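Raw contents of entry12.txt, compact mmCIF, N, CA and C atoms:
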# COMPACT_ATOMS: atom_id res chain seq x y z
N MET A 1 -4.55 34.11 -42.61
CA MET A 1 -3.91 35.09 -41.78
C MET A 1 -3.23 34.38 -40.62
N PHE A 2 -2.05 34.77 -40.27
CA PHE A 2 -1.25 34.17 -39.20
C PHE A 2 -1.76 34.66 -37.84
N ASN A 3 -2.06 33.71 -36.95
CA ASN A 3 -2.56 34.07 -35.63
C ASN A 3 -1.62 33.47 -34.60
N LEU A 4 -0.79 34.31 -33.98
CA LEU A 4 0.21 33.86 -33.02
C LEU A 4 -0.42 33.15 -31.82
N HIS A 5 -1.57 33.63 -31.36
CA HIS A 5 -2.24 33.02 -30.20
C HIS A 5 -2.62 31.57 -30.50
N ARG A 6 -3.14 31.29 -31.69
CA ARG A 6 -3.52 29.92 -32.06
C ARG A 6 -2.30 29.02 -32.19
N VAL A 7 -1.22 29.56 -32.72
CA VAL A 7 0.00 28.77 -32.86
C VAL A 7 0.54 28.38 -31.48
N LYS A 8 0.54 29.31 -30.54
CA LYS A 8 1.02 29.03 -29.18
C LYS A 8 0.14 27.98 -28.51
N ARG A 9 -1.19 28.12 -28.66
CA ARG A 9 -2.11 27.16 -28.06
C ARG A 9 -1.90 25.77 -28.67
N ALA A 10 -1.72 25.69 -29.98
CA ALA A 10 -1.50 24.41 -30.64
C ALA A 10 -0.20 23.78 -30.15
N ALA A 11 0.82 24.58 -29.94
CA ALA A 11 2.09 24.07 -29.44
C ALA A 11 1.95 23.50 -28.03
N VAL A 12 1.21 24.20 -27.18
CA VAL A 12 1.00 23.73 -25.81
C VAL A 12 0.21 22.43 -25.81
N VAL A 13 -0.85 22.34 -26.61
CA VAL A 13 -1.66 21.13 -26.68
C VAL A 13 -0.83 19.96 -27.20
N THR A 14 -0.02 20.19 -28.22
CA THR A 14 0.83 19.15 -28.78
C THR A 14 1.85 18.66 -27.75
N ALA A 15 2.49 19.59 -27.05
CA ALA A 15 3.48 19.21 -26.05
C ALA A 15 2.84 18.45 -24.90
N THR A 16 1.67 18.88 -24.46
CA THR A 16 0.97 18.21 -23.37
C THR A 16 0.56 16.80 -23.78
N THR A 17 0.05 16.65 -24.99
CA THR A 17 -0.35 15.34 -25.49
C THR A 17 0.86 14.41 -25.59
N ALA A 18 1.97 14.92 -26.10
CA ALA A 18 3.18 14.10 -26.23
C ALA A 18 3.68 13.65 -24.86
N ALA A 19 3.65 14.54 -23.88
CA ALA A 19 4.09 14.18 -22.53
C ALA A 19 3.18 13.11 -21.93
N ALA A 20 1.88 13.23 -22.16
CA ALA A 20 0.94 12.25 -21.64
C ALA A 20 1.17 10.88 -22.28
N LEU A 21 1.43 10.85 -23.58
CA LEU A 21 1.67 9.59 -24.27
C LEU A 21 2.95 8.92 -23.79
N VAL A 22 4.00 9.71 -23.57
CA VAL A 22 5.25 9.15 -23.06
C VAL A 22 5.03 8.58 -21.67
N THR A 23 4.28 9.29 -20.84
CA THR A 23 4.00 8.81 -19.48
C THR A 23 3.22 7.51 -19.52
N LEU A 24 2.17 7.45 -20.34
CA LEU A 24 1.37 6.24 -20.45
C LEU A 24 2.17 5.08 -21.01
N ALA A 25 2.98 5.32 -22.00
CA ALA A 25 3.79 4.25 -22.58
C ALA A 25 4.79 3.73 -21.56
N GLY A 26 5.32 4.60 -20.74
CA GLY A 26 6.27 4.18 -19.71
C GLY A 26 5.63 3.29 -18.67
N THR A 27 4.40 3.58 -18.28
CA THR A 27 3.76 2.76 -17.25
C THR A 27 3.20 1.47 -17.81
N ALA A 28 2.93 1.40 -19.09
CA ALA A 28 2.35 0.19 -19.67
C ALA A 28 3.30 -1.00 -19.56
N GLY A 29 4.59 -0.76 -19.73
CA GLY A 29 5.54 -1.84 -19.66
C GLY A 29 6.26 -1.92 -18.33
N ALA A 30 5.89 -1.09 -17.39
CA ALA A 30 6.60 -1.03 -16.12
C ALA A 30 6.26 -2.22 -15.23
N THR A 31 7.20 -2.54 -14.37
CA THR A 31 6.95 -3.56 -13.36
C THR A 31 7.05 -2.89 -12.00
N THR A 32 6.42 -3.48 -11.03
CA THR A 32 6.46 -2.92 -9.69
C THR A 32 7.71 -3.38 -8.97
N THR A 33 8.00 -2.74 -7.87
CA THR A 33 9.14 -3.15 -7.07
C THR A 33 8.75 -4.21 -6.04
N VAL A 34 7.47 -4.55 -5.99
CA VAL A 34 6.99 -5.57 -5.07
C VAL A 34 7.32 -6.94 -5.67
N ASP A 35 8.03 -7.77 -4.90
CA ASP A 35 8.40 -9.10 -5.41
C ASP A 35 7.29 -10.12 -5.23
N GLU A 36 6.69 -10.13 -4.05
CA GLU A 36 5.61 -11.09 -3.80
C GLU A 36 4.76 -10.63 -2.63
N ILE A 37 3.54 -11.15 -2.61
CA ILE A 37 2.61 -10.92 -1.51
C ILE A 37 2.18 -12.31 -1.06
N ALA A 38 2.21 -12.55 0.25
CA ALA A 38 1.93 -13.90 0.74
C ALA A 38 1.27 -13.87 2.11
N TYR A 39 1.00 -15.07 2.61
CA TYR A 39 0.34 -15.25 3.90
C TYR A 39 1.00 -14.41 4.99
N GLY A 40 0.17 -13.73 5.77
CA GLY A 40 0.66 -12.90 6.86
C GLY A 40 0.89 -11.45 6.48
N ASP A 41 0.95 -11.15 5.17
CA ASP A 41 1.14 -9.76 4.75
C ASP A 41 -0.12 -8.95 5.00
N ARG A 42 0.07 -7.64 5.08
CA ARG A 42 -1.04 -6.70 5.28
C ARG A 42 -0.81 -5.48 4.41
N GLY A 43 -1.90 -4.81 4.06
CA GLY A 43 -1.76 -3.53 3.38
C GLY A 43 -2.48 -3.46 2.05
N ALA A 44 -2.11 -2.44 1.29
CA ALA A 44 -2.78 -2.14 0.02
C ALA A 44 -2.62 -3.27 -0.99
N GLY A 45 -1.45 -3.90 -1.03
CA GLY A 45 -1.25 -5.01 -1.96
C GLY A 45 -2.19 -6.17 -1.69
N VAL A 46 -2.36 -6.50 -0.43
CA VAL A 46 -3.28 -7.58 -0.05
C VAL A 46 -4.71 -7.20 -0.39
N ARG A 47 -5.06 -5.94 -0.14
CA ARG A 47 -6.41 -5.46 -0.48
C ARG A 47 -6.67 -5.62 -1.98
N CYS A 48 -5.69 -5.30 -2.81
CA CYS A 48 -5.85 -5.45 -4.26
C CYS A 48 -5.95 -6.91 -4.67
N VAL A 49 -5.18 -7.77 -4.00
CA VAL A 49 -5.29 -9.21 -4.26
C VAL A 49 -6.71 -9.68 -3.92
N GLN A 50 -7.23 -9.24 -2.80
CA GLN A 50 -8.59 -9.63 -2.39
C GLN A 50 -9.63 -9.09 -3.37
N LEU A 51 -9.45 -7.88 -3.87
CA LEU A 51 -10.36 -7.33 -4.88
C LEU A 51 -10.34 -8.19 -6.14
N ALA A 52 -9.13 -8.58 -6.57
CA ALA A 52 -9.00 -9.40 -7.78
C ALA A 52 -9.65 -10.77 -7.58
N LEU A 53 -9.45 -11.35 -6.42
CA LEU A 53 -10.05 -12.66 -6.14
C LEU A 53 -11.57 -12.58 -6.13
N ASN A 54 -12.11 -11.52 -5.57
CA ASN A 54 -13.56 -11.34 -5.56
C ASN A 54 -14.12 -11.08 -6.95
N ALA A 55 -13.36 -10.39 -7.79
CA ALA A 55 -13.83 -10.06 -9.14
C ALA A 55 -13.64 -11.22 -10.11
N SER A 56 -12.78 -12.16 -9.78
CA SER A 56 -12.47 -13.26 -10.69
C SER A 56 -13.57 -14.32 -10.66
N THR A 57 -13.37 -15.35 -11.48
CA THR A 57 -14.33 -16.44 -11.50
C THR A 57 -14.25 -17.30 -10.24
N VAL A 58 -13.27 -17.03 -9.40
CA VAL A 58 -13.15 -17.72 -8.12
C VAL A 58 -14.27 -17.28 -7.18
N HIS A 59 -14.75 -16.04 -7.35
CA HIS A 59 -15.82 -15.48 -6.52
C HIS A 59 -15.58 -15.77 -5.04
N ALA A 60 -14.46 -15.29 -4.54
CA ALA A 60 -14.01 -15.64 -3.19
C ALA A 60 -14.90 -15.09 -2.08
N GLY A 61 -15.56 -13.97 -2.30
CA GLY A 61 -16.40 -13.39 -1.26
C GLY A 61 -15.60 -12.92 -0.05
N LEU A 62 -14.37 -12.48 -0.29
CA LEU A 62 -13.50 -12.05 0.80
C LEU A 62 -13.82 -10.63 1.25
N LYS A 63 -13.59 -10.38 2.52
CA LYS A 63 -13.64 -9.01 3.00
C LYS A 63 -12.34 -8.36 2.53
N THR A 64 -12.43 -7.20 1.90
CA THR A 64 -11.23 -6.53 1.39
C THR A 64 -10.63 -5.65 2.48
N ASP A 65 -10.09 -6.31 3.48
CA ASP A 65 -9.55 -5.60 4.64
C ASP A 65 -8.03 -5.44 4.60
N GLY A 66 -7.38 -6.00 3.59
CA GLY A 66 -5.94 -5.88 3.47
C GLY A 66 -5.16 -6.78 4.41
N ILE A 67 -5.81 -7.79 4.97
CA ILE A 67 -5.16 -8.74 5.87
C ILE A 67 -5.20 -10.12 5.22
N TRP A 68 -4.02 -10.69 4.96
CA TRP A 68 -3.94 -12.00 4.31
C TRP A 68 -4.01 -13.09 5.36
N GLY A 69 -5.15 -13.78 5.37
CA GLY A 69 -5.35 -14.89 6.28
C GLY A 69 -5.60 -16.18 5.51
N ALA A 70 -6.14 -17.16 6.19
CA ALA A 70 -6.36 -18.48 5.60
C ALA A 70 -7.32 -18.45 4.42
N ARG A 71 -8.40 -17.64 4.51
CA ARG A 71 -9.37 -17.59 3.40
C ARG A 71 -8.75 -16.98 2.15
N THR A 72 -7.92 -15.95 2.33
CA THR A 72 -7.23 -15.35 1.18
C THR A 72 -6.26 -16.35 0.59
N GLU A 73 -5.54 -17.05 1.44
CA GLU A 73 -4.59 -18.08 0.98
C GLU A 73 -5.30 -19.14 0.14
N ASP A 74 -6.41 -19.67 0.62
CA ASP A 74 -7.16 -20.68 -0.11
C ASP A 74 -7.66 -20.14 -1.45
N ALA A 75 -8.13 -18.90 -1.45
CA ALA A 75 -8.65 -18.30 -2.68
C ALA A 75 -7.53 -18.07 -3.70
N VAL A 76 -6.34 -17.71 -3.24
CA VAL A 76 -5.20 -17.53 -4.15
C VAL A 76 -4.85 -18.86 -4.81
N ARG A 77 -4.82 -19.92 -4.03
CA ARG A 77 -4.51 -21.24 -4.60
C ARG A 77 -5.57 -21.66 -5.61
N LYS A 78 -6.83 -21.39 -5.33
CA LYS A 78 -7.91 -21.71 -6.27
C LYS A 78 -7.76 -20.87 -7.53
N PHE A 79 -7.43 -19.60 -7.38
CA PHE A 79 -7.19 -18.71 -8.53
C PHE A 79 -6.06 -19.28 -9.39
N GLN A 80 -4.98 -19.68 -8.75
CA GLN A 80 -3.83 -20.21 -9.48
C GLN A 80 -4.16 -21.52 -10.20
N ARG A 81 -5.04 -22.32 -9.65
CA ARG A 81 -5.46 -23.55 -10.34
C ARG A 81 -6.38 -23.25 -11.51
N THR A 82 -7.10 -22.12 -11.45
CA THR A 82 -8.13 -21.79 -12.44
C THR A 82 -7.58 -21.01 -13.64
N TYR A 83 -6.64 -20.10 -13.40
CA TYR A 83 -6.18 -19.19 -14.45
C TYR A 83 -4.84 -19.62 -15.04
N THR A 84 -4.56 -19.09 -16.24
CA THR A 84 -3.26 -19.30 -16.89
C THR A 84 -2.63 -17.93 -17.13
N ASP A 85 -1.32 -17.93 -17.39
CA ASP A 85 -0.64 -16.67 -17.66
C ASP A 85 -0.90 -16.24 -19.11
N MET A 86 -0.27 -15.15 -19.51
CA MET A 86 -0.54 -14.58 -20.84
C MET A 86 -0.06 -15.49 -21.98
N HIS A 87 0.75 -16.50 -21.67
CA HIS A 87 1.21 -17.45 -22.69
C HIS A 87 0.37 -18.71 -22.69
N GLY A 88 -0.62 -18.78 -21.79
CA GLY A 88 -1.46 -19.96 -21.70
C GLY A 88 -0.90 -21.03 -20.78
N ASP A 89 0.20 -20.72 -20.11
CA ASP A 89 0.80 -21.69 -19.19
C ASP A 89 0.11 -21.62 -17.84
N LYS A 90 0.06 -22.76 -17.16
CA LYS A 90 -0.55 -22.80 -15.83
C LYS A 90 0.30 -21.99 -14.85
N LEU A 91 -0.39 -21.37 -13.90
CA LEU A 91 0.30 -20.65 -12.83
C LEU A 91 0.80 -21.65 -11.80
N ASP A 92 1.90 -21.31 -11.13
CA ASP A 92 2.36 -22.14 -10.01
C ASP A 92 1.34 -22.05 -8.89
N VAL A 93 0.90 -23.19 -8.39
CA VAL A 93 -0.06 -23.22 -7.28
C VAL A 93 0.75 -23.28 -5.98
N ASP A 94 1.20 -22.10 -5.55
CA ASP A 94 2.03 -22.02 -4.36
C ASP A 94 1.42 -21.11 -3.29
N GLY A 95 0.28 -20.50 -3.61
CA GLY A 95 -0.37 -19.62 -2.64
C GLY A 95 0.33 -18.30 -2.45
N ILE A 96 1.27 -17.98 -3.32
CA ILE A 96 2.01 -16.72 -3.27
C ILE A 96 1.70 -15.91 -4.52
N VAL A 97 1.45 -14.62 -4.35
CA VAL A 97 1.23 -13.75 -5.51
C VAL A 97 2.58 -13.16 -5.88
N GLY A 98 3.21 -13.80 -6.88
CA GLY A 98 4.45 -13.30 -7.45
C GLY A 98 4.13 -12.58 -8.75
N HIS A 99 5.12 -12.44 -9.59
CA HIS A 99 4.95 -11.67 -10.82
C HIS A 99 3.93 -12.28 -11.78
N SER A 100 3.96 -13.59 -11.99
CA SER A 100 3.02 -14.22 -12.94
C SER A 100 1.58 -14.12 -12.44
N THR A 101 1.35 -14.52 -11.21
CA THR A 101 0.00 -14.45 -10.64
C THR A 101 -0.45 -12.99 -10.54
N GLY A 102 0.47 -12.11 -10.18
CA GLY A 102 0.14 -10.69 -10.06
C GLY A 102 -0.31 -10.09 -11.38
N ARG A 103 0.37 -10.45 -12.48
CA ARG A 103 -0.03 -9.94 -13.80
C ARG A 103 -1.45 -10.36 -14.15
N VAL A 104 -1.76 -11.62 -13.89
CA VAL A 104 -3.10 -12.13 -14.21
C VAL A 104 -4.14 -11.44 -13.32
N MET A 105 -3.83 -11.25 -12.04
CA MET A 105 -4.76 -10.57 -11.14
C MET A 105 -4.99 -9.13 -11.59
N LEU A 106 -3.94 -8.47 -12.04
CA LEU A 106 -4.10 -7.09 -12.52
C LEU A 106 -4.98 -7.05 -13.76
N GLU A 107 -4.85 -8.04 -14.65
CA GLU A 107 -5.73 -8.13 -15.82
C GLU A 107 -7.19 -8.28 -15.39
N VAL A 108 -7.42 -9.12 -14.39
CA VAL A 108 -8.78 -9.31 -13.87
C VAL A 108 -9.31 -7.99 -13.33
N LEU A 109 -8.50 -7.29 -12.56
CA LEU A 109 -8.92 -6.01 -11.99
C LEU A 109 -9.24 -4.98 -13.07
N VAL A 110 -8.38 -4.90 -14.07
CA VAL A 110 -8.61 -3.94 -15.16
C VAL A 110 -9.89 -4.28 -15.89
N HIS A 111 -10.14 -5.56 -16.08
CA HIS A 111 -11.33 -5.99 -16.83
C HIS A 111 -12.62 -5.82 -16.04
N TYR A 112 -12.61 -6.17 -14.76
CA TYR A 112 -13.85 -6.20 -13.99
C TYR A 112 -14.00 -5.08 -12.96
N GLU A 113 -12.91 -4.55 -12.48
CA GLU A 113 -12.93 -3.54 -11.42
C GLU A 113 -12.17 -2.29 -11.86
N HIS A 114 -12.62 -1.67 -12.94
CA HIS A 114 -11.89 -0.55 -13.55
C HIS A 114 -11.44 0.49 -12.53
N ASP A 115 -12.35 0.95 -11.71
CA ASP A 115 -12.03 2.03 -10.76
C ASP A 115 -11.04 1.57 -9.70
N SER A 116 -11.20 0.37 -9.21
CA SER A 116 -10.32 -0.14 -8.15
C SER A 116 -8.92 -0.45 -8.67
N ALA A 117 -8.80 -0.76 -9.95
CA ALA A 117 -7.51 -1.16 -10.52
C ALA A 117 -6.49 -0.03 -10.46
N GLN A 118 -6.91 1.20 -10.54
CA GLN A 118 -5.99 2.33 -10.55
C GLN A 118 -4.99 2.28 -9.42
N GLY A 119 -5.45 2.08 -8.21
CA GLY A 119 -4.56 2.07 -7.05
C GLY A 119 -3.76 0.80 -6.88
N CYS A 120 -3.97 -0.16 -7.77
CA CYS A 120 -3.31 -1.47 -7.60
C CYS A 120 -2.07 -1.65 -8.47
N TYR A 121 -1.86 -0.79 -9.44
CA TYR A 121 -0.72 -0.95 -10.34
C TYR A 121 0.62 -0.97 -9.60
N ASP A 122 0.74 -0.18 -8.57
CA ASP A 122 2.02 -0.07 -7.86
C ASP A 122 2.22 -1.07 -6.73
N VAL A 123 1.17 -1.80 -6.37
CA VAL A 123 1.25 -2.65 -5.17
C VAL A 123 1.07 -4.15 -5.44
N ILE A 124 0.79 -4.51 -6.68
CA ILE A 124 0.70 -5.94 -7.04
C ILE A 124 1.93 -6.27 -7.89
N PRO A 125 2.62 -7.37 -7.57
CA PRO A 125 3.78 -7.76 -8.38
C PRO A 125 3.38 -8.01 -9.82
N THR A 126 4.15 -7.44 -10.75
CA THR A 126 3.89 -7.67 -12.19
C THR A 126 5.18 -7.91 -12.93

Translate the structure described by the file into structure tokens.
Amino acid sequence: MFNLHRVKRAAVVTATTAAALVTLAGTAGATTTVDEIAYGDRGAGVRCVQLALNASTVHAGLKTDGIWGARTEDAVRKFQRTYTDMHGDKLDVDGIVGHSTGRVMLEVLVHYEHDSAQGCYDVIPT
């Protein structure tokens, strides 16, 4: 028997699911507008860098205050010496979080700091 109410509900669920998939697919390959984060910077991007450094094998023990100082700088350089990019190439040890270092830091956050990673997608260079 044909049930119009079920057909309408199925159409809404299908449309909602399709919209969600398109949104997720769009963000998966997206890059941020942030070019780099470096010494002297402040804010959410620095806080996410500090979270990534603390979650990584660097175990920086940084206060996640969003202020990039000497300890954050040293930890970024150690991170860059320790990790490789997605192709297995060494990161540039320049103490700056650009796109390559940012991508690796975001991977660390997603892997170890699931909840914290959400707010970091838009503020770490990727």

query = So which residues touch Lys90 in chain A within 6.5 Å, counting all atoms listed in the file, skipping near sequence neighbours fewer than 6 positions away, as a ChimeraX atom specification?
reply = /A:80,83-84

ask   = Of the residues A:Ser116, A:Thr82, A:Thr126, A:Ser56, which is the one nearest to Gly102 in chain A, using all atoms listed in the file?
value =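 Closest candidate: A:Thr126.
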
Between CA of His111 in chain A and CA of Val93 in chain A, distance in Å (one decimal) = 22.7 Å

query = What separation in Å, quoted to one decimal, exists between CA of Tyr121 in chain A and atom N of Leu53 in chain A?
reply = 14.1 Å

ask   = Just how far from atom C of Lys78 in chain A is CA of Thr33 in chain A, in Å to one decimal?
value = 24.5 Å

task = Measuring atom to atom with only C-alpha atoms, identify which of A:Asp65, A:Asp122, A:Asp85, A:Asp92 is nearest to Val104 in chain A.
result = A:Asp85

task = Kindly indicate which residue among A:Ser100, A:Ile124, A:Gln118, A:Arg77 lies nearest to Val46 in chain A, using all atoms listed in the file for the distances.
result = A:Ile124

query = Looking at A:Val34, A:Val108, A:Met86, A:Val123, which one is nearest to Thr57 in chain A, with distances taken over only N, CA and C atoms?
reply = A:Val108

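Nearest to Gly45 in chain A of all the residues A:Val76, A:Val58, A:Ile67, A:Ile96 is A:Ile67, based on all atoms listed in the file.
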
request  = Pick out the closest residue to Glu36 in chain A from this set: A:Ala60, A:Ala75, A:Val97, A:Ala52. Count only C-alpha atoms.
outcome  =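 So, comparing all the options, the nearest one is A:Val97.
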
Could range 41-52 of chain A be completed with all heavy atoms and returned as a tab-separated table (two decimals), in the coordinates of the input?
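Okay, this is what ended up in part_32.tsv:
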chain	number	residue	atom	x	y	z
A	41	ASP	N	0.95	-11.15	5.17
A	41	ASP	CA	1.14	-9.76	4.75
A	41	ASP	C	-0.12	-8.95	5.00
A	41	ASP	O	-1.23	-9.49	5.10
A	41	ASP	CB	1.50	-9.69	3.26
A	41	ASP	CG	2.92	-10.16	2.97
A	41	ASP	OD1	3.71	-10.26	3.93
A	41	ASP	OD2	3.22	-10.44	1.80
A	42	ARG	N	0.07	-7.64	5.08
A	42	ARG	CA	-1.04	-6.70	5.28
A	42	ARG	C	-0.81	-5.48	4.41
A	42	ARG	O	0.32	-5.16	4.07
A	42	ARG	CB	-1.10	-6.23	6.73
A	42	ARG	CG	-1.46	-7.30	7.71
A	42	ARG	CD	-1.33	-6.78	9.15
A	42	ARG	NE	-1.77	-7.79	10.09
A	42	ARG	CZ	-2.90	-7.73	10.78
A	42	ARG	NH1	-3.70	-6.69	10.66
A	42	ARG	NH2	-3.24	-8.69	11.61
A	43	GLY	N	-1.90	-4.81	4.06
A	43	GLY	CA	-1.76	-3.53	3.38
A	43	GLY	C	-2.48	-3.46	2.05
A	43	GLY	O	-3.32	-4.31	1.71
A	44	ALA	N	-2.11	-2.44	1.29
A	44	ALA	CA	-2.78	-2.14	0.02
A	44	ALA	C	-2.62	-3.27	-0.99
A	44	ALA	O	-3.55	-3.56	-1.75
A	44	ALA	CB	-2.25	-0.83	-0.56
A	45	GLY	N	-1.45	-3.90	-1.03
A	45	GLY	CA	-1.25	-5.01	-1.96
A	45	GLY	C	-2.19	-6.17	-1.69
A	45	GLY	O	-2.78	-6.74	-2.61
A	46	VAL	N	-2.36	-6.50	-0.43
A	46	VAL	CA	-3.28	-7.58	-0.05
A	46	VAL	C	-4.71	-7.20	-0.39
A	46	VAL	O	-5.48	-8.01	-0.90
A	46	VAL	CB	-3.14	-7.93	1.45
A	46	VAL	CG1	-4.17	-8.99	1.85
A	46	VAL	CG2	-1.73	-8.41	1.77
A	47	ARG	N	-5.06	-5.94	-0.14
A	47	ARG	CA	-6.41	-5.46	-0.48
A	47	ARG	C	-6.67	-5.62	-1.98
A	47	ARG	O	-7.74	-6.08	-2.39
A	47	ARG	CB	-6.57	-4.00	-0.05
A	47	ARG	CG	-7.97	-3.46	-0.26
A	47	ARG	CD	-7.99	-1.97	0.18
A	47	ARG	NE	-8.76	-1.10	-0.63
A	47	ARG	CZ	-8.70	-0.89	-1.94
A	47	ARG	NH1	-7.84	-1.56	-2.67
A	47	ARG	NH2	-9.47	-0.05	-2.57
A	48	CYS	N	-5.69	-5.30	-2.81
A	48	CYS	CA	-5.85	-5.45	-4.26
A	48	CYS	C	-5.95	-6.91	-4.67
A	48	CYS	O	-6.72	-7.26	-5.55
A	48	CYS	CB	-4.69	-4.76	-4.98
A	48	CYS	SG	-4.77	-2.95	-4.91
A	49	VAL	N	-5.18	-7.77	-4.00
A	49	VAL	CA	-5.29	-9.21	-4.26
A	49	VAL	C	-6.71	-9.68	-3.92
A	49	VAL	O	-7.34	-10.41	-4.70
A	49	VAL	CB	-4.24	-10.00	-3.43
A	49	VAL	CG1	-4.55	-11.49	-3.41
A	49	VAL	CG2	-2.85	-9.75	-3.98
A	50	GLN	N	-7.23	-9.24	-2.80
A	50	GLN	CA	-8.59	-9.63	-2.39
A	50	GLN	C	-9.63	-9.09	-3.37
A	50	GLN	O	-10.59	-9.80	-3.71
A	50	GLN	CB	-8.86	-9.13	-0.97
A	50	GLN	CG	-8.04	-9.86	0.07
A	50	GLN	CD	-8.04	-9.19	1.44
A	50	GLN	OE1	-8.20	-7.97	1.56
A	50	GLN	NE2	-7.83	-9.99	2.48
A	51	LEU	N	-9.45	-7.88	-3.87
A	51	LEU	CA	-10.36	-7.33	-4.88
A	51	LEU	C	-10.34	-8.19	-6.14
A	51	LEU	O	-11.38	-8.51	-6.72
A	51	LEU	CB	-9.98	-5.89	-5.24
A	51	LEU	CG	-10.34	-4.80	-4.26
A	51	LEU	CD1	-9.64	-3.50	-4.63
A	51	LEU	CD2	-11.85	-4.59	-4.24
A	52	ALA	N	-9.13	-8.58	-6.57
A	52	ALA	CA	-9.00	-9.40	-7.78
A	52	ALA	C	-9.65	-10.77	-7.58
A	52	ALA	O	-10.34	-11.28	-8.47
A	52	ALA	CB	-7.52	-9.57	-8.14
